[in-house]
Amino acid sequence: MSISKYVMIGFLAIAMGAVAQPATVEPAPPQTPAQPTSSAVTMDDVVNRAITREHALMDMLKTRTPLIETYLQNLKPDQTLGAVPSGDHYFLGRMDLSGNIDRRDYLPKNESFEKMLLGGFTKLFHFQYRPLGFAWMIFADRQDFDRQHYDFKFVRREFLGDVRCLVFDVTPKKDAGDGRFLGRVWIEDEAYNIVRLNGTYVPRPKKGYFFHMDSWRLNLIPAYWIPAYVYSEEGDFSYGAKDKLAFRAQSRIWGYDLKKDASAEELAQIRVDSVKDNSAQAEDASPLEAERKWQQQAEDNVMERLQAAGLLAPAGEVDKVLQTVINNLEVTNNIDLPRPVSARVMLTAPLETFSVGNVIVVSRGFIDTLPDEASLAMVLSHELAHIVLGHKVGGKFAFSDRLLFSDESTYSNFGFRHTPAEEAAADAKALEILKNSPYAQKLDVASLYMKQLSERAPELSALLTPHLGNSITDSKGNIIRMSALLQTGPALDRTKLDQIAALPLGGRVKINAWDDHAELIKGAPVAITSARDKMPFEVTPFFPHLTRFRNPGTTDNTTAEPNTTNPTSTAPSNGPNN
Ligand SMILES: [Zn+2]
């Protein structure tokens, strides 16, 4: 084994070692006030400009069809842990922001829009919650956001991250009509875009709910703040509370910059480039070489197609972290494959992995909840074992015609599942790989992770329903992946504060809503002070650290701290560079 190939674990301890939590409210950074590009003198001007900018945003987004993912956990009270999940729902679809949607159709069932929104994902859809409603929450009022319908009252100035904001309470005027926004908006003080909305819609209809929402936008492209996160929550368990409905839901929006019709694009560029052979001796491929090239072609096709459908992050920073762990496993096991194994990040929340050719794909939600590097190694080792054992799936996608389907039907056209026998063989091989690896003595946390998953699995069936890979659980919610780890290591103890078995969702990976790049969140660990702070696999509110857009490579920023980077759609970047 070559020493240079060996990557020390310490490097990753920085990225993966922190007990990640959603970012907390930070105090306003000490900085000189930014110069407004154009000065709005009165609060009236501020409101007028914010209204103008809101309509400009709706206009700009008209041609976009981003993905919206909503993951919702129903809650039940627990003596020790407070509110814990009692069930869950998952929605994924594409939004059409062309503006012909009447928000008041939210309550009566609007078949065509639901179909459009959900596309091929209807089987995931639970009508009780109408994900449509979550999609709406990116704007205060799509139709009538103006002074004829609303009153605006200045509250205070406040920093959200690095961005100074003017905060206004927004109330619908008397007789403004149904389904009007009631709440608060944060308006940044340079171009007067709304960056955050928090509130609900009124009046509450007889048969239904308008959920409360906290909706965040990010300055991912010049001049616009793009809707990226919506947090919703209803119900409480305080004494005497009457709420029948209790849930928390995270909606993430991404894929704004995806081609509107990627399949049409692909018709024009069916792959011919891989035919060209630049090797010194340009011979025909031997049968074995041909087999490998065929697999590679399938692998390339699948990754391209998943990325075009908005389900896979472009190659980037997180891949390299996964790659490092894979290298550690390979080198210590003398695994020497004809082509290197690499890794990619799927953008969705459900916990799943799969591999096509030599590429291992891990979902964002899975990475989010893993407490340390050894548990990540545990997850990756299973897929690496499939590759080492030559369990091939997806070879049929070397035929380009098999990639010509609509983005929304990706899940019904793709699938990379192994037989139960191959799954068992991969688990056995994976344990062998782990025992020879630098993680051999650190598998206690991996075992606790599986135990935590086992404990919560019956309530988290949506989170545990894979869409492309093999399931981690059987139909009854029993763990079937790496289940040997359930028998080893320490016992799960929910009251032990230094035992972190699994993290909440959203603590590790941040997705750029505009261009889909994934990056690791570099937050400092937040101290856990009670068993309720652990929140394994749970949904929490969002609190992104807002920063202003900066062109990559430029240094003339007015913000004080280059704390997070905002990769842009225009830059041919491999990910954020900080
Ligand atoms: Zn497998």
# chains A, B, ... in the order shown; residues from 1 in each chain; ligands from 1
call {"tool": "select_by_dssp", "arguments": {"residues": "range 300-434 of chain A", "states": "helix (DSSP H, G or I)", "output": "PyMOL selection string"}}
result
chain A and resi 300-308+317-332+364-369+373-388+395-398+400-403+407-413+420-434
call {"tool": "residues_around", "arguments": {"residues": "range 74-88 of chain A", "least_positions_apart": "2", "cutoff": "12 Å", "atoms": "only C-alpha atoms", "output": "PyMOL selection string"}}
result
chain A and resi 70-72+90-91+124-126+128-129+232-239+243-250+350+455-465+493-496+504+530-540
call {"tool": "atom_distance", "arguments": {"atom1": "CA of Thr369 in chain A", "atom2": "CA of Asn334 in chain A"}}
result
29.3 Å
call {"tool": "residues_near_ligand", "arguments": {"ligand": "ligand 1", "cutoff": "6 Å", "atoms": "only C-alpha atoms and all ligand atoms", "output": "VMD selection string"}}
result
chain A and resid 383 418 423 470
call {"tool": "residues_around", "arguments": {"residues": "Phe145 in chain A", "least_positions_apart": "4", "cutoff": "10 Å", "atoms": "only C-alpha atoms", "output": "list in words"}}
result
Ala50, Ile51, Thr52, Glu54, His55, Phe139, Ala140, Asp141, His149, Tyr150, Pro172, Arg180 and Phe181 of chain A
call {"tool": "atom_distance", "arguments": {"atom1": "CA of Glu352 in chain A", "atom2": "CA of Gly469 in chain A"}}
result
6.1 Å
call {"tool": "atom_distance", "arguments": {"atom1": "CA of Leu329 in chain A", "atom2": "CA of Ile387 in chain A"}}
result
12.8 Å
call {"tool": "closest_residue", "arguments": {"among": "A:Ser447, A:Thr65, A:Ser363, A:Ser475", "to": "Ala309 in chain A", "atoms": "only C-alpha atoms"}}
result
A:Thr65
call {"tool": "closest_atom_pairs", "arguments": {"of": "range 452-569 of chain A", "to": "range 429-445 of chain A", "cutoff": "12 Å", "atoms": "only C-alpha atoms", "output": "CSV"}}
result
residue,atom,partner,partner_atom,distance
A:Gln452,CA,A:Val445,CA,10.2
A:Arg481,CA,A:Ala430,CA,10.6
A:Met482,CA,A:Leu431,CA,7.9
A:Ser483,CA,A:Leu431,CA,10.4
A:Ala484,CA,A:Leu431,CA,8.6
A:Leu485,CA,A:Leu443,CA,8.4
A:Leu486,CA,A:Asp444,CA,10.1
A:Gln487,CA,A:Asp444,CA,10.8
A:Thr488,CA,A:Asp444,CA,7.7
A:Gly489,CA,A:Asp444,CA,4.9
A:Pro490,CA,A:Asp444,CA,6.6
A:Ala491,CA,A:Asp444,CA,9.5
A:Leu492,CA,A:Val445,CA,9.9
A:Asp498,CA,A:Val445,CA,11.3
A:Gln499,CA,A:Val445,CA,8.4
A:Ile500,CA,A:Val445,CA,7.8
A:Ala501,CA,A:Val445,CA,6.2
A:Ala502,CA,A:Val445,CA,8.7
A:Leu503,CA,A:Val445,CA,11.7
call {"tool": "select_by_dssp", "arguments": {"residues": "range 193-437 of chain A", "states": "strand (DSSP E)", "output": "number ranges by chain"}}
result
A: 194-202, 213-221, 224-234, 247-254, 342-346, 353-356, 359-363
call {"tool": "closest_residue", "arguments": {"among": "A:Gly365, A:Pro222, A:Gly316, A:Gly183", "to": "Glu69 in chain A", "atoms": "only C-alpha atoms"}}
result
A:Gly365
call {"tool": "decode", "arguments": {"residues": "range 359-417 of chain A", "atoms": "C-alpha atoms", "output": "PDB file, in the first residue's frame"}}
result
ATOM      1  CA  VAL A 359     -19.803   5.539  -7.950  1.00  0.00           C
ATOM      2  CA  ILE A 360     -21.343   5.388  -4.493  1.00  0.00           C
ATOM      3  CA  VAL A 361     -24.303   7.692  -3.932  1.00  0.00           C
ATOM      4  CA  VAL A 362     -25.386   8.742  -0.428  1.00  0.00           C
ATOM      5  CA  SER A 363     -28.437  10.870   0.317  1.00  0.00           C
ATOM      6  CA  ARG A 364     -28.191  14.239   2.027  1.00  0.00           C
ATOM      7  CA  GLY A 365     -30.452  13.111   4.872  1.00  0.00           C
ATOM      8  CA  PHE A 366     -28.225  10.141   5.589  1.00  0.00           C
ATOM      9  CA  ILE A 367     -25.070  12.264   5.802  1.00  0.00           C
ATOM     10  CA  ASP A 368     -26.944  14.805   7.930  1.00  0.00           C
ATOM     11  CA  THR A 369     -27.788  12.325  10.648  1.00  0.00           C
ATOM     12  CA  LEU A 370     -24.448  10.474  10.915  1.00  0.00           C
ATOM     13  CA  PRO A 371     -22.706  11.471  14.135  1.00  0.00           C
ATOM     14  CA  ASP A 372     -19.090  10.809  13.185  1.00  0.00           C
ATOM     15  CA  GLU A 373     -16.665   9.638  10.548  1.00  0.00           C
ATOM     16  CA  ALA A 374     -16.697   5.997  11.620  1.00  0.00           C
ATOM     17  CA  SER A 375     -20.465   5.843  11.153  1.00  0.00           C
ATOM     18  CA  LEU A 376     -20.007   7.388   7.718  1.00  0.00           C
ATOM     19  CA  ALA A 377     -17.421   4.697   7.000  1.00  0.00           C
ATOM     20  CA  MET A 378     -19.977   2.107   8.097  1.00  0.00           C
ATOM     21  CA  VAL A 379     -22.503   3.434   5.581  1.00  0.00           C
ATOM     22  CA  LEU A 380     -19.968   3.654   2.755  1.00  0.00           C
ATOM     23  CA  SER A 381     -18.455   0.232   3.472  1.00  0.00           C
ATOM     24  CA  HIS A 382     -21.682  -1.519   2.478  1.00  0.00           C
ATOM     25  CA  GLU A 383     -21.649   0.024  -0.999  1.00  0.00           C
ATOM     26  CA  LEU A 384     -17.895  -0.433  -1.344  1.00  0.00           C
ATOM     27  CA  ALA A 385     -18.469  -4.110  -0.558  1.00  0.00           C
ATOM     28  CA  HIS A 386     -20.973  -4.383  -3.444  1.00  0.00           C
ATOM     29  CA  ILE A 387     -18.360  -2.920  -5.786  1.00  0.00           C
ATOM     30  CA  VAL A 388     -15.562  -5.169  -4.494  1.00  0.00           C
ATOM     31  CA  LEU A 389     -17.802  -8.219  -4.828  1.00  0.00           C
ATOM     32  CA  GLY A 390     -18.721  -7.246  -8.388  1.00  0.00           C
ATOM     33  CA  HIS A 391     -22.444  -6.852  -7.684  1.00  0.00           C
ATOM     34  CA  LYS A 392     -23.341  -4.835 -10.736  1.00  0.00           C
ATOM     35  CA  VAL A 393     -26.578  -2.946 -11.181  1.00  0.00           C
ATOM     36  CA  GLY A 394     -27.638  -0.384 -13.698  1.00  0.00           C
ATOM     37  CA  GLY A 395     -25.662  -1.723 -16.657  1.00  0.00           C
ATOM     38  CA  LYS A 396     -28.733  -1.443 -18.862  1.00  0.00           C
ATOM     39  CA  PHE A 397     -28.451   2.339 -18.651  1.00  0.00           C
ATOM     40  CA  ALA A 398     -25.505   2.229 -21.038  1.00  0.00           C
ATOM     41  CA  PHE A 399     -28.292   2.352 -23.632  1.00  0.00           C
ATOM     42  CA  SER A 400     -29.127   5.997 -24.066  1.00  0.00           C
ATOM     43  CA  ASP A 401     -32.766   5.476 -24.914  1.00  0.00           C
ATOM     44  CA  ARG A 402     -33.272   4.286 -21.351  1.00  0.00           C
ATOM     45  CA  LEU A 403     -32.458   7.797 -20.126  1.00  0.00           C
ATOM     46  CA  LEU A 404     -35.136   9.534 -22.102  1.00  0.00           C
ATOM     47  CA  PHE A 405     -37.874  10.042 -19.584  1.00  0.00           C
ATOM     48  CA  SER A 406     -39.318  13.038 -17.805  1.00  0.00           C
ATOM     49  CA  ASP A 407     -37.539  14.257 -14.697  1.00  0.00           C
ATOM     50  CA  GLU A 408     -40.625  13.615 -12.606  1.00  0.00           C
ATOM     51  CA  SER A 409     -40.654   9.944 -13.537  1.00  0.00           C
ATOM     52  CA  THR A 410     -37.024   9.324 -12.577  1.00  0.00           C
ATOM     53  CA  TYR A 411     -37.966   7.108  -9.673  1.00  0.00           C
ATOM     54  CA  SER A 412     -40.086   4.824 -11.792  1.00  0.00           C
ATOM     55  CA  ASN A 413     -37.408   4.497 -14.479  1.00  0.00           C
ATOM     56  CA  PHE A 414     -34.360   4.128 -12.295  1.00  0.00           C
ATOM     57  CA  GLY A 415     -33.697   1.619  -9.544  1.00  0.00           C
ATOM     58  CA  PHE A 416     -30.453   0.178  -8.288  1.00  0.00           C
ATOM     59  CA  ARG A 417     -31.565  -2.519  -5.911  1.00  0.00           C
TER      60      ARG A 417
END
